[in-house]
Every structure is written in C-alpha cells, then in structure tokens.
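S.K.: Right, I'll just put the structure down here and ask away after.
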Amino acid sequence: FRNCGIAANIGSTFAKNQCGVPYRGFNVVTDAVGRMATGKMQEDKEKQFQKMMDTMIHTEKWTMRPWRMTLENQLSSWVMYIPGMKDSAEMKEMTKFKATLDTMSDEELDNPDSIDMKTKERIAVKSGKSVEDINRMMMFYKQSLVVRNWLVLKNSLKETLPSTELEMRRMQENDIRLKKINQKVMAKSSTHKRTG
C-alpha cells in the first residue's frame with residue numbers, strides 16, 4: 001500500500017511508504033516549519049485514506065472508472081507541490097496510469113474483464129505505451145479490486161476497518177481471507193482470457 005500512491009496500488013502489502021521523508025532543518029524556525037508541513041502531510045494522508053476507504057466500500061461496482069477517479073484525486077492533491085514529490089517514481093507511474101486510462105473507452109473502463117490481448121494492443125498503441133505497461137496497470141487495478149472486496153467483506157460483517165495505511169497493512173498480513181479473495185479475482189481474469 002504505497003503512501004501517496006493509494007489509488008495506484010491500494011492494498012499492496014509489498015509496497016513501501018515513500019512520502020514520509022524525515023525533515024532535517026538548520027535552525028529552530030525551519031525545524032518548526034518542517035514539523036508543521038509533516039503534520040499537515042500526515043493529516044492530509046489520513047483524510048485521503050478515509051476518503052479512499054469510503055469510496056471503495058460504497059462504490060457499487062469497482063471498475064477502472066472509480067479507480068481512475070481515485071488516481072485523479074491523488075494527482076491533484078497538494079502533496080504534489082512538495083519539492084521532489086512530482087518527480088518520484090511512484091507519482092510518475094500514477095501519471096502514466098492516468099494517461100493510459102484517459103485513452104480507454106467507456107466500455108473498457110466499465111468492464112475491465114472484457115479487456116483481451118487485442119484490446120490491450122489497441123490501448124498500448126493509442127496511449128503510446130507497451131503491452132507490458134498495460135499489463136502492469138491492469139495488475140495494479142486488480143490489486144485495488146482485491147482490497148476493495150476485502151473491505152466490503154469486513155464492512156458487511158461489521159468488523160473493525162483500518163483507520164490508517166499502517167493499520168491496513170497489519171490487518172492484511174493477518175487475514176487469510178485476503179489470499180482467497182486474491183485467488184478469486186485472478187481466477188476470474190484468467191478464465192476470461194481463456195474464453196475471450
């Protein structure tokens with residue numbers, strides 16, 4: 001689950017927190033400014049996380065359309081104005097995903113399971129990306145779908161929901177249902193590829 005890249009890779013237990021860079025000030029004034037900025041960034045992250053959670057749980061069908069919307073929200077966040085953030089590998093990847101999603105048709109955004117190799121090739125040509133890039137984007141989307149399904153399950157069972165990214169990672173590590181949900185999402189994709 002990447003910090004500042006929630007939308008791109010929401011729920012990925014292997015991602016690292018890359019935005020909470022410790023501030024090193026030269027004097028009391030710059031240290032205080034740094035603490036305020038860090039506090040504001042943490043507060044913004046938590047609000048963004050809660051907004052993401054609400055969106056995922058209450059969106060009737062988690063397709064590439066709401067996923068694109070979450071990317072847009074992340075990319076328009078004030079965090080993007082922090083020096084160096086826009087040029088981070090994670091933000092560059094999110095920007096690439098968003099540009100690719102913008103070239104896709106409504107049918108593709110609303111029915112990602114319908115995307116076969118021929119469609120991926122068309123999207124790759126139209127977006128100026130490779131088929132491997134499209135596959136990578138699809139994998140990130142599927143990871144978000146796995147987490148969304150897990151959150152919906154927890155919510156339906158009235159279980160405690162995570163309130164922070166760290167809490168989510170810890171819950172995921174200890175929940176064997178996540179593996180079953182992942183297998184189901186990936187099996188559905190594989191079945192479509194064989195029949196599509």
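Convention: chains lettered A, B, ... in structure tokens order; per-chain residue numbering from 1; ligands numbered from 1 as shown.
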Could you give me, as a ChimeraX atom specification, the residues within 10 Å of region 54-70 of chain A, counting only C-alpha atoms and dropping anything in the same chain fewer than 3 positions from it?
M.R.: /A:5-8,10,48-51,73-76,94,97-102,104,106-113,138,140-142,144-156
S.K.: What is the distance between CA of Pro162 (chain A) and CA of Glu43 (chain A), in Å to one decimal?
M.R.: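 Distance between the two atoms: 15.6 Å.
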S.K.: CA of Leu71 (chain A) to CA of Glu93 (chain A): how many Å, to one decimal?
M.R.: 10.6 Å
